[in-house]
Amino acid sequence: MAAIVKALPGALSKLRSSTTTLLRDPQVQAKLKELAPPAPKELPAAISSIVKTAESIQTMRFLNVTVGVAARNALVSVEVACWFFVGEIVGRRSLVGYKVSNK
(Lines give C-alpha, C1' and ligand atoms only; values in the text may rest on other atoms or scores of the structure.)
Protein backbone atom coordinates (compact mmCIF):
# COMPACT_ATOMS: atom_id res chain seq x y z
CA MET A 1 0.00 0.00 0.00
CA ALA A 2 2.84 2.37 0.80
CA ALA A 3 4.41 1.73 -2.60
CA ILE A 4 1.17 2.65 -4.32
CA VAL A 5 0.89 5.87 -2.33
CA LYS A 6 4.51 6.78 -3.18
CA ALA A 7 3.99 6.10 -6.90
CA LEU A 8 0.69 7.97 -7.14
CA PRO A 9 2.03 11.59 -7.37
CA GLY A 10 4.39 10.68 -10.21
CA ALA A 11 1.67 8.86 -12.11
CA LEU A 12 -0.76 11.73 -11.64
CA SER A 13 1.75 14.32 -12.86
CA LYS A 14 2.54 12.18 -15.92
CA LEU A 15 -1.18 11.82 -16.65
CA ARG A 16 -1.73 15.56 -16.19
CA SER A 17 1.12 16.49 -18.55
CA SER A 18 -0.02 14.09 -21.27
CA THR A 19 -3.65 15.23 -21.12
CA THR A 20 -2.78 18.94 -21.09
CA THR A 21 -0.55 18.42 -24.13
CA LEU A 22 -3.40 16.66 -25.89
CA LEU A 23 -5.92 19.35 -24.99
CA ARG A 24 -3.60 22.26 -25.71
CA ASP A 25 -2.32 21.16 -29.14
CA PRO A 26 -5.01 21.00 -31.84
CA GLN A 27 -2.59 19.26 -34.20
CA VAL A 28 -2.41 16.33 -31.81
CA GLN A 29 -6.20 16.21 -31.71
CA ALA A 30 -6.44 16.29 -35.50
CA LYS A 31 -4.12 13.31 -35.82
CA LEU A 32 -6.32 11.15 -33.64
CA LYS A 33 -8.40 8.88 -35.84
CA GLU A 34 -11.45 8.96 -33.58
CA LEU A 35 -11.70 12.74 -33.55
CA ALA A 36 -11.18 13.35 -37.25
CA PRO A 37 -14.11 13.36 -39.66
CA PRO A 38 -13.84 10.94 -42.57
CA ALA A 39 -11.82 12.28 -45.43
CA PRO A 40 -13.24 12.21 -48.97
CA LYS A 41 -10.53 9.74 -49.98
CA GLU A 42 -11.88 7.28 -47.36
CA LEU A 43 -15.41 7.20 -48.83
CA PRO A 44 -14.71 4.60 -51.56
CA ALA A 45 -13.22 2.26 -48.95
CA ALA A 46 -16.28 2.72 -46.75
CA ILE A 47 -18.66 2.03 -49.63
CA SER A 48 -16.75 -1.11 -50.63
CA SER A 49 -16.84 -2.27 -47.01
CA ILE A 50 -20.62 -1.85 -46.94
CA VAL A 51 -20.95 -3.78 -50.21
CA LYS A 52 -18.73 -6.60 -48.88
CA THR A 53 -20.81 -6.77 -45.71
CA ALA A 54 -24.03 -7.01 -47.73
CA GLU A 55 -22.54 -9.76 -49.90
CA SER A 56 -21.36 -11.62 -46.81
CA ILE A 57 -24.87 -11.53 -45.37
CA GLN A 58 -26.45 -12.70 -48.64
CA THR A 59 -24.04 -15.61 -49.08
CA MET A 60 -24.00 -16.39 -45.33
CA ARG A 61 -20.20 -16.24 -45.46
CA PHE A 62 -20.22 -14.51 -42.05
CA LEU A 63 -20.88 -17.93 -40.47
CA ASN A 64 -17.43 -19.16 -41.50
CA VAL A 65 -15.33 -17.33 -38.93
CA THR A 66 -12.86 -18.53 -36.35
CA VAL A 67 -13.74 -18.77 -32.69
CA GLY A 68 -11.48 -15.83 -31.89
CA VAL A 69 -13.16 -13.57 -34.43
CA ALA A 70 -16.60 -14.67 -33.24
CA ALA A 71 -15.63 -13.95 -29.61
CA ARG A 72 -14.29 -10.53 -30.56
CA ASN A 73 -17.48 -9.73 -32.47
CA ALA A 74 -19.57 -10.86 -29.50
CA LEU A 75 -17.57 -8.63 -27.13
CA VAL A 76 -18.01 -5.63 -29.42
CA SER A 77 -21.76 -6.30 -29.61
CA VAL A 78 -22.00 -6.54 -25.82
CA GLU A 79 -20.06 -3.30 -25.45
CA VAL A 80 -22.37 -1.48 -27.85
CA ALA A 81 -25.43 -2.80 -26.00
CA CYS A 82 -24.00 -1.75 -22.62
CA TRP A 83 -23.28 1.78 -23.87
CA PHE A 84 -26.85 1.93 -25.18
CA PHE A 85 -28.21 0.96 -21.77
CA VAL A 86 -25.94 3.44 -20.01
CA GLY A 87 -27.20 6.15 -22.36
CA GLU A 88 -30.78 5.22 -21.56
CA ILE A 89 -30.09 5.44 -17.83
CA VAL A 90 -28.40 8.82 -18.23
CA GLY A 91 -31.23 10.08 -20.42
CA ARG A 92 -33.87 9.02 -17.92
CA ARG A 93 -31.82 10.37 -15.01
CA SER A 94 -33.00 7.34 -13.12
CA LEU A 95 -31.94 3.72 -12.88
CA VAL A 96 -35.50 2.39 -12.96
CA GLY A 97 -38.27 3.77 -15.18
CA TYR A 98 -39.27 7.25 -16.17
CA LYS A 99 -40.51 9.78 -13.64
CA VAL A 100 -44.13 10.58 -14.41
CA SER A 101 -45.63 13.62 -12.77
CA ASN A 102 -49.12 13.49 -11.30
CA LYS A 103 -50.97 16.63 -12.31
# chains A, B, ... in the order shown; residues from 1 in each chain; ligands from 1

$ closest_atom_pairs --of "range 41-82 of chain A" --to "range 87-90 of chain A" --cutoff "12 Å" --atoms "only C-alpha atoms" --output "JSON lines"
{"residue": "A:Val80", "atom": "CA", "partner": "A:Gly87", "partner_atom": "CA", "distance": 10.6}
{"residue": "A:Ala81", "atom": "CA", "partner": "A:Gly87", "partner_atom": "CA", "distance": 9.8}
{"residue": "A:Cys82", "atom": "CA", "partner": "A:Gly87", "partner_atom": "CA", "distance": 8.5}

$ select_by_dssp --residues "range 35-69 of chain A" --states "alpha helix (DSSP H)" --output "list of chain:residue names"
A:Leu43, A:Pro44, A:Ala45, A:Ala46, A:Ile47, A:Ser48, A:Ser49, A:Ile50, A:Val51, A:Lys52, A:Thr53, A:Ala54, A:Glu55, A:Ser56, A:Ile57, A:Gln58, A:Thr59, A:Val67, A:Gly68, A:Val69

$ atom_distance --atom1 "CA of Thr59 in chain A" --atom2 "CA of Pro38 in chain A"
29.2 Å

$ atom_distance --atom1 "CA of Ser48 in chain A" --atom2 "CA of Val69 in chain A"
20.8 Å
